[in-house]
Structures are given as C-alpha cells and as structure tokens.
Amino acid sequence: MALTTEDRLAIINRLSRYNHAIDDLLPDAADAWADCFTEDGTFRAVTRSGATAVDRFSDAIRAKAMPGDSLQTDPEALISLRGRQQLRAFAVSSHGAHANGLQPGYHWVSNPLIEGDGDQATMTCYLRVVAGKTQDFDESITATGVYRDQLRKIDGQWKFQSRQVTFDD
C-alpha cells in the first residue's frame, strides 16, 4: 500500500521533532531525540571525501561529541551510533549551547523526498546547519549535506531505522 498523506505528514513531523530535539529546543531534548529512532536505530555521519573523525575533529571536539570509545562503532565515519543508549548519550553531550550562552546551532532541512509503503519508507533531504547570532558571533552556515533515511512505522508512529548524513567537505 502506498504511503498516505497522513503518513507523509507524520514523517515530516518526525523530521521536525528530530531537528528541534538535537538543537536542544524541546523538554527532555536528549530523550526526545533518541526517541525519534527505533530501539535498534542507527545514526551515521560521513563526509563526501571519506574524512574520519580523526581527520576532521580535534581530540577535544571528538571527546565532547563522542564521549567514551563505545560510541564510535565505525572507524570510517565521523560519528556512528547504534541503539537508544548511544543515541541518547550523544544527544546529551551535544546539548548545552543554548543553556550555556554559547553560539547555538540550528538544523534546517529542505526538499524532503519520501517514498515507501504502509510500514517502510525512505527519505532524502538537504541539510544546512546555521550557527545562530549572539553578542559575540554573527550568524553563519557551519555545515551542509544530505540526509538519507530509512524509516519504519512502529505502533502507528514513524521512527528512523537508520539515518546517515553525508556532509559536504
């Protein structure tokens, strides 16, 4: 059965909830972000050139973004997470810019292309991460890329089974 209009709207709502949660704009944002995924869901970030976290980030940034060796399950990726525990730990480590007065980041996505059937869907969309304007910093685009997603409908709710972002270099 083809996706209904309601399914497509629910998937777009899941996408919006994901962005608001990772940007720390929802109550219990780390749990809300992890809940966007299935129990065994995965999140993976790579670059077009294949740069790894060791290539791209300083030791200090890697330690903050990926606390504990157990969070980096794929040495070929910038970030590779599996399961709600790792997803939540990553979100906790990523939050705090708004609360700590640092330059906040906002995930903006566009052009979602959604295909699928009644229980499974794929989605591709563009990403732009914008660093918000503060007293000390101007607004700037800090990252661009493409998300490629697989979603499953579980108990009437669409969740990310796998989500991969490929950042432009």
# chains A, B, ... in the order shown; residues from 1 in each chain; ligands from 1
call {"tool": "residues_around", "arguments": {"residues": "A:Arg148", "least_positions_apart": "3", "cutoff": "8 Å", "atoms": "only C-alpha atoms", "output": "list of chain:residue names"}}
result
A:Thr122, A:Met123, A:Thr124, A:Cys125, A:Arg163, A:Gln164, A:Val165
call {"tool": "atom_distance", "arguments": {"atom1": "atom CA of A:Lys133", "atom2": "atom CA of A:Phe90"}}
result
24.3 Å
call {"tool": "atom_distance", "arguments": {"atom1": "atom CA of A:Ser16", "atom2": "atom CA of A:Asp74"}}
result
26.7 Å
call {"tool": "residues_around", "arguments": {"residues": "A:Val146", "least_positions_apart": "5", "cutoff": "10 Å", "atoms": "only C-alpha atoms", "output": "PDB file with C-alpha atoms, in the first residue's frame"}}
result
ATOM      1  CA  THR A  47      31.889  13.237   4.542  1.00  0.00           C
ATOM      2  CA  ARG A  48      31.891  13.154   0.768  1.00  0.00           C
ATOM      3  CA  VAL A 109      16.308  20.676   6.246  1.00  0.00           C
ATOM      4  CA  SER A 110      14.629  21.106   2.907  1.00  0.00           C
ATOM      5  CA  THR A 124      16.286  12.055   1.362  1.00  0.00           C
ATOM      6  CA  CYS A 125      16.600  15.720   2.267  1.00  0.00           C
ATOM      7  CA  TYR A 126      19.155  18.522   2.243  1.00  0.00           C
ATOM      8  CA  LEU A 127      20.771  19.798   5.441  1.00  0.00           C
ATOM      9  CA  ARG A 128      22.055  23.220   6.383  1.00  0.00           C
ATOM     10  CA  GLN A 164      23.010   8.871   7.562  1.00  0.00           C
ATOM     11  CA  VAL A 165      24.184  12.380   6.921  1.00  0.00           C
ATOM     12  CA  THR A 166      26.855  12.993   4.308  1.00  0.00           C
ATOM     13  CA  PHE A 167      28.491  16.344   4.929  1.00  0.00           C
ATOM     14  CA  ASP A 168      29.916  18.405   2.114  1.00  0.00           C
TER      15      ASP A 168
END
call {"tool": "closest_residue", "arguments": {"among": "A:Phe43, A:Tyr147, A:Trp33, A:Phe137", "to": "A:Leu78", "atoms": "only C-alpha atoms"}}
result
A:Phe43
call {"tool": "residues_around", "arguments": {"residues": "A:Val129", "least_positions_apart": "4", "cutoff": "6 Å", "atoms": "only C-alpha atoms", "output": "PDB file with N, CA, C and O atoms, in the first residue's frame"}}
result
ATOM      1  N   TYR A 106      21.383  25.474  14.600  1.00  0.00           N
ATOM      2  CA  TYR A 106      20.039  25.106  14.187  1.00  0.00           C
ATOM      3  C   TYR A 106      20.116  24.258  12.920  1.00  0.00           C
ATOM      4  O   TYR A 106      20.754  24.658  11.942  1.00  0.00           O
ATOM      5  N   HIS A 107      19.473  23.103  12.953  1.00  0.00           N
ATOM      6  CA  HIS A 107      19.420  22.204  11.798  1.00  0.00           C
ATOM      7  C   HIS A 107      18.218  22.588  10.938  1.00  0.00           C
ATOM      8  O   HIS A 107      17.083  22.537  11.403  1.00  0.00           O
ATOM      9  N   ILE A 141      26.625  29.783   8.249  1.00  0.00           N
ATOM     10  CA  ILE A 141      26.334  28.403   7.874  1.00  0.00           C
ATOM     11  C   ILE A 141      27.570  27.590   8.233  1.00  0.00           C
ATOM     12  O   ILE A 141      28.672  27.869   7.756  1.00  0.00           O
ATOM     13  N   THR A 142      27.382  26.588   9.094  1.00  0.00           N
ATOM     14  CA  THR A 142      28.529  25.813   9.567  1.00  0.00           C
ATOM     15  C   THR A 142      28.651  24.446   8.902  1.00  0.00           C
ATOM     16  O   THR A 142      29.711  23.834   8.978  1.00  0.00           O
ATOM     17  N   ALA A 143      27.585  23.964   8.290  1.00  0.00           N
ATOM     18  CA  ALA A 143      27.652  22.663   7.620  1.00  0.00           C
ATOM     19  C   ALA A 143      26.513  22.558   6.616  1.00  0.00           C
ATOM     20  O   ALA A 143      25.441  23.120   6.816  1.00  0.00           O
TER      21      ALA A 143
END
call {"tool": "select_by_dssp", "arguments": {"residues": "chain A", "states": "alpha helix (DSSP H)", "output": "PyMOL selection string"}}
result
chain A and resi 5-22+29-34+53-56+59-65+83-94
call {"tool": "residues_around", "arguments": {"residues": "stretch 152-156 of chain A", "least_positions_apart": "3", "cutoff": "8 Å", "atoms": "only C-alpha atoms", "output": "PDB file with all heavy atoms, in the first residue's frame"}}
result
ATOM      1  N   THR A  38      14.119   3.999  16.098  1.00  0.00           N
ATOM      2  CA  THR A  38      13.686   2.701  16.600  1.00  0.00           C
ATOM      3  C   THR A  38      14.646   2.292  17.715  1.00  0.00           C
ATOM      4  O   THR A  38      15.722   2.878  17.877  1.00  0.00           O
ATOM      5  CB  THR A  38      13.709   1.643  15.474  1.00  0.00           C
ATOM      6  OG1 THR A  38      15.046   1.518  14.983  1.00  0.00           O
ATOM      7  CG2 THR A  38      12.752   2.006  14.349  1.00  0.00           C
ATOM      8  N   GLY A 118       3.179   1.110   3.311  1.00  0.00           N
ATOM      9  CA  GLY A 118       2.483   1.349   4.566  1.00  0.00           C
ATOM     10  C   GLY A 118       3.329   1.256   5.824  1.00  0.00           C
ATOM     11  O   GLY A 118       3.025   1.897   6.813  1.00  0.00           O
ATOM     12  N   ASP A 119       4.395   0.461   5.828  1.00  0.00           N
ATOM     13  CA  ASP A 119       5.192   0.245   7.038  1.00  0.00           C
ATOM     14  C   ASP A 119       6.648   0.672   6.927  1.00  0.00           C
ATOM     15  O   ASP A 119       7.347   0.746   7.931  1.00  0.00           O
ATOM     16  CB  ASP A 119       5.181  -1.241   7.421  1.00  0.00           C
ATOM     17  CG  ASP A 119       3.798  -1.731   7.781  1.00  0.00           C
ATOM     18  OD1 ASP A 119       2.994  -0.920   8.290  1.00  0.00           O
ATOM     19  OD2 ASP A 119       3.515  -2.918   7.549  1.00  0.00           O
ATOM     20  N   GLN A 120       7.134   0.911   5.717  1.00  0.00           N
ATOM     21  CA  GLN A 120       8.537   1.256   5.489  1.00  0.00           C
ATOM     22  C   GLN A 120       8.591   2.483   4.584  1.00  0.00           C
ATOM     23  O   GLN A 120       7.759   2.629   3.694  1.00  0.00           O
ATOM     24  CB  GLN A 120       9.273   0.107   4.785  1.00  0.00           C
ATOM     25  CG  GLN A 120       9.150  -1.224   5.472  1.00  0.00           C
ATOM     26  CD  GLN A 120      10.312  -1.504   6.398  1.00  0.00           C
ATOM     27  OE1 GLN A 120      11.380  -0.959   6.245  1.00  0.00           O
ATOM     28  NE2 GLN A 120      10.092  -2.377   7.357  1.00  0.00           N
ATOM     29  N   ALA A 121       9.588   3.322   4.800  1.00  0.00           N
ATOM     30  CA  ALA A 121       9.752   4.492   3.941  1.00  0.00           C
ATOM     31  C   ALA A 121      11.223   4.860   3.864  1.00  0.00           C
ATOM     32  O   ALA A 121      12.016   4.524   4.756  1.00  0.00           O
ATOM     33  CB  ALA A 121       8.940   5.669   4.478  1.00  0.00           C
ATOM     34  N   LYS A 159       9.469   6.120  12.821  1.00  0.00           N
ATOM     35  CA  LYS A 159      10.754   6.285  13.512  1.00  0.00           C
ATOM     36  C   LYS A 159      11.879   6.056  12.514  1.00  0.00           C
ATOM     37  O   LYS A 159      11.735   5.298  11.554  1.00  0.00           O
ATOM     38  CB  LYS A 159      10.893   5.266  14.652  1.00  0.00           C
ATOM     39  CG  LYS A 159       9.751   5.259  15.642  1.00  0.00           C
ATOM     40  CD  LYS A 159      10.071   6.062  16.829  1.00  0.00           C
ATOM     41  CE  LYS A 159       8.933   5.971  17.856  1.00  0.00           C
ATOM     42  NZ  LYS A 159       9.282   6.636  19.067  1.00  0.00           N
ATOM     43  N   PHE A 160      13.015   6.671  12.776  1.00  0.00           N
ATOM     44  CA  PHE A 160      14.192   6.423  11.951  1.00  0.00           C
ATOM     45  C   PHE A 160      14.782   5.059  12.311  1.00  0.00           C
ATOM     46  O   PHE A 160      15.143   4.831  13.461  1.00  0.00           O
ATOM     47  CB  PHE A 160      15.271   7.493  12.170  1.00  0.00           C
ATOM     48  CG  PHE A 160      14.879   8.848  11.669  1.00  0.00           C
ATOM     49  CD1 PHE A 160      14.557   9.865  12.548  1.00  0.00           C
ATOM     50  CD2 PHE A 160      14.832   9.113  10.308  1.00  0.00           C
ATOM     51  CE1 PHE A 160      14.196  11.121  12.090  1.00  0.00           C
ATOM     52  CE2 PHE A 160      14.469  10.369   9.837  1.00  0.00           C
ATOM     53  CZ  PHE A 160      14.150  11.376  10.738  1.00  0.00           C
ATOM     54  N   GLN A 161      14.871   4.178  11.334  1.00  0.00           N
ATOM     55  CA  GLN A 161      15.593   2.914  11.497  1.00  0.00           C
ATOM     56  C   GLN A 161      17.082   3.175  11.289  1.00  0.00           C
ATOM     57  O   GLN A 161      17.920   2.693  12.028  1.00  0.00           O
ATOM     58  CB  GLN A 161      15.095   1.874  10.492  1.00  0.00           C
ATOM     59  CG  GLN A 161      15.863   0.560  10.528  1.00  0.00           C
ATOM     60  CD  GLN A 161      15.642  -0.208  11.815  1.00  0.00           C
ATOM     61  OE1 GLN A 161      14.509  -0.366  12.242  1.00  0.00           O
ATOM     62  NE2 GLN A 161      16.702  -0.674  12.426  1.00  0.00           N
TER      63      GLN A 161
END
call {"tool": "atom_distance", "arguments": {"atom1": "atom CA of A:Leu81", "atom2": "atom CA of A:His95"}}
result
16.5 Å
call {"tool": "residues_around", "arguments": {"residues": "A:Arg82", "least_positions_apart": "6", "cutoff": "7 Å", "atoms": "only C-alpha atoms", "output": "list of chain:residue names"}}
result
A:Asp40, A:Gly41, A:Thr42, A:Phe43
call {"tool": "write_last_selection", "arguments": {"atoms": "C-alpha atoms", "output": "compact mmCIF listing (two decimals), in the first residue's frame"}}
result
# COMPACT_ATOMS: atom_id res chain seq x y z
CA ASP A 40 17.95 -0.50 17.40
CA GLY A 41 18.18 2.63 15.24
CA THR A 42 21.44 3.90 13.82
CA PHE A 43 22.89 7.34 13.13
call {"tool": "select_by_dssp", "arguments": {"residues": "stretch 80-139 of chain A", "states": "strand (DSSP E or B)", "output": "short mmCIF file (atom, residue, chain, number, x, y, z; two decimals) with N, CA, C and O atoms, in the first residue's frame"}}
result
data_model
loop_
_atom_site.label_atom_id
_atom_site.label_comp_id
_atom_site.auth_asym_id
_atom_site.auth_seq_id
_atom_site.Cartn_x
_atom_site.Cartn_y
_atom_site.Cartn_z
N SER A 80 29.23 7.39 14.52
CA SER A 80 28.48 6.18 14.24
C SER A 80 27.88 5.68 15.54
O SER A 80 28.61 5.34 16.47
N LEU A 81 26.55 5.66 15.60
CA LEU A 81 25.84 5.30 16.83
C LEU A 81 24.82 4.22 16.53
O LEU A 81 24.23 4.21 15.45
N ARG A 82 24.60 3.33 17.51
CA ARG A 82 23.61 2.27 17.35
C ARG A 82 22.86 2.09 18.67
O ARG A 82 23.47 1.92 19.72
N GLY A 105 23.34 26.15 17.50
CA GLY A 105 23.23 25.70 16.12
C GLY A 105 21.82 25.26 15.83
O GLY A 105 21.13 24.72 16.70
N TYR A 106 21.38 25.47 14.60
CA TYR A 106 20.04 25.11 14.19
C TYR A 106 20.12 24.26 12.92
O TYR A 106 20.75 24.66 11.94
N HIS A 107 19.47 23.10 12.95
CA HIS A 107 19.42 22.20 11.80
C HIS A 107 18.22 22.59 10.94
O HIS A 107 17.08 22.54 11.40
N TRP A 108 18.49 22.96 9.69
CA TRP A 108 17.43 23.28 8.74
C TRP A 108 17.49 22.25 7.63
O TRP A 108 18.54 22.00 7.06
N VAL A 109 16.36 21.64 7.34
CA VAL A 109 16.31 20.68 6.25
C VAL A 109 15.31 21.15 5.20
O VAL A 109 14.38 21.90 5.51
N SER A 110 15.53 20.70 3.98
CA SER A 110 14.63 21.11 2.91
C SER A 110 14.53 20.00 1.87
O SER A 110 15.34 19.06 1.85
N ASN A 111 13.54 20.14 1.02
CA ASN A 111 13.31 19.24 -0.11
C ASN A 111 13.21 17.77 0.28
O ASN A 111 13.85 16.92 -0.35
N PRO A 112 12.41 17.44 1.30
CA PRO A 112 12.29 16.01 1.64
C PRO A 112 11.63 15.23 0.52
O PRO A 112 10.55 15.62 0.04
N LEU A 113 12.27 14.18 0.09
CA LEU A 113 11.72 13.27 -0.91
C LEU A 113 11.41 11.97 -0.17
O LEU A 113 12.32 11.29 0.31
N ILE A 114 10.13 11.63 -0.06
CA ILE A 114 9.67 10.49 0.74
C ILE A 114 9.03 9.47 -0.18
O ILE A 114 8.15 9.81 -0.98
N GLU A 115 9.47 8.22 -0.06
CA GLU A 115 8.89 7.12 -0.83
C GLU A 115 8.72 5.93 0.09
O GLU A 115 9.46 5.79 1.07
N GLY A 116 7.77 5.06 -0.22
CA GLY A 116 7.62 3.87 0.58
C GLY A 116 6.25 3.25 0.49
O GLY A 116 5.45 3.59 -0.38
N ASP A 117 6.02 2.32 1.44
CA ASP A 117 4.72 1.66 1.52
C ASP A 117 4.15 1.90 2.90
O ASP A 117 4.62 2.76 3.62
N GLN A 120 7.13 0.91 5.72
CA GLN A 120 8.54 1.26 5.49
C GLN A 120 8.59 2.48 4.58
O GLN A 120 7.76 2.63 3.69
N ALA A 121 9.59 3.32 4.80
CA ALA A 121 9.75 4.49 3.94
C ALA A 121 11.22 4.86 3.86
O ALA A 121 12.02 4.52 4.76
N THR A 122 11.57 5.55 2.80
CA THR A 122 12.88 6.17 2.67
C THR A 122 12.66 7.66 2.51
O THR A 122 11.62 8.10 2.01
N MET A 123 13.64 8.42 2.97
CA MET A 123 13.56 9.87 2.81
C MET A 123 14.96 10.39 2.55
O MET A 123 15.93 9.95 3.17
N THR A 124 15.05 11.33 1.63
CA THR A 124 16.29 12.06 1.36
C THR A 124 15.95 13.53 1.49
O THR A 124 14.90 13.98 1.02
N CYS A 125 16.82 14.29 2.16
CA CYS A 125 16.60 15.72 2.27
C CYS A 125 17.94 16.43 2.43
O CYS A 125 18.94 15.82 2.81
N TYR A 126 17.95 17.71 2.12
CA TYR A 126 19.16 18.52 2.24
C TYR A 126 19.26 19.07 3.66
O TYR A 126 18.27 19.33 4.32
N LEU A 127 20.50 19.26 4.11
CA LEU A 127 20.77 19.80 5.44
C LEU A 127 21.59 21.07 5.33
O LEU A 127 22.53 21.15 4.54
N ARG A 128 21.24 22.02 6.17
CA ARG A 128 22.05 23.22 6.38
C ARG A 128 22.04 23.46 7.89
O ARG A 128 20.98 23.53 8.50
N VAL A 129 23.22 23.56 8.49
CA VAL A 129 23.32 23.87 9.91
C VAL A 129 23.75 25.33 10.02
O VAL A 129 24.77 25.73 9.45
N VAL A 130 22.96 26.10 10.75
CA VAL A 130 23.21 27.52 10.90
C VAL A 130 23.58 27.79 12.36
O VAL A 130 22.87 27.38 13.28
N ALA A 131 24.72 28.46 12.55
CA ALA A 131 25.11 28.92 13.89
C ALA A 131 24.39 30.24 14.12
O ALA A 131 24.49 31.16 13.31
#
call {"tool": "closest_residue", "arguments": {"among": "A:Leu9, A:Leu151, A:Ala45, A:Ala29", "to": "A:Ala91", "atoms": "only C-alpha atoms"}}
result
A:Ala29
call {"tool": "closest_residue", "arguments": {"among": "A:Thr5, A:Ser49, A:Gln150, A:Ser162", "to": "A:Leu87", "atoms": "only C-alpha atoms"}}
result
A:Ser162
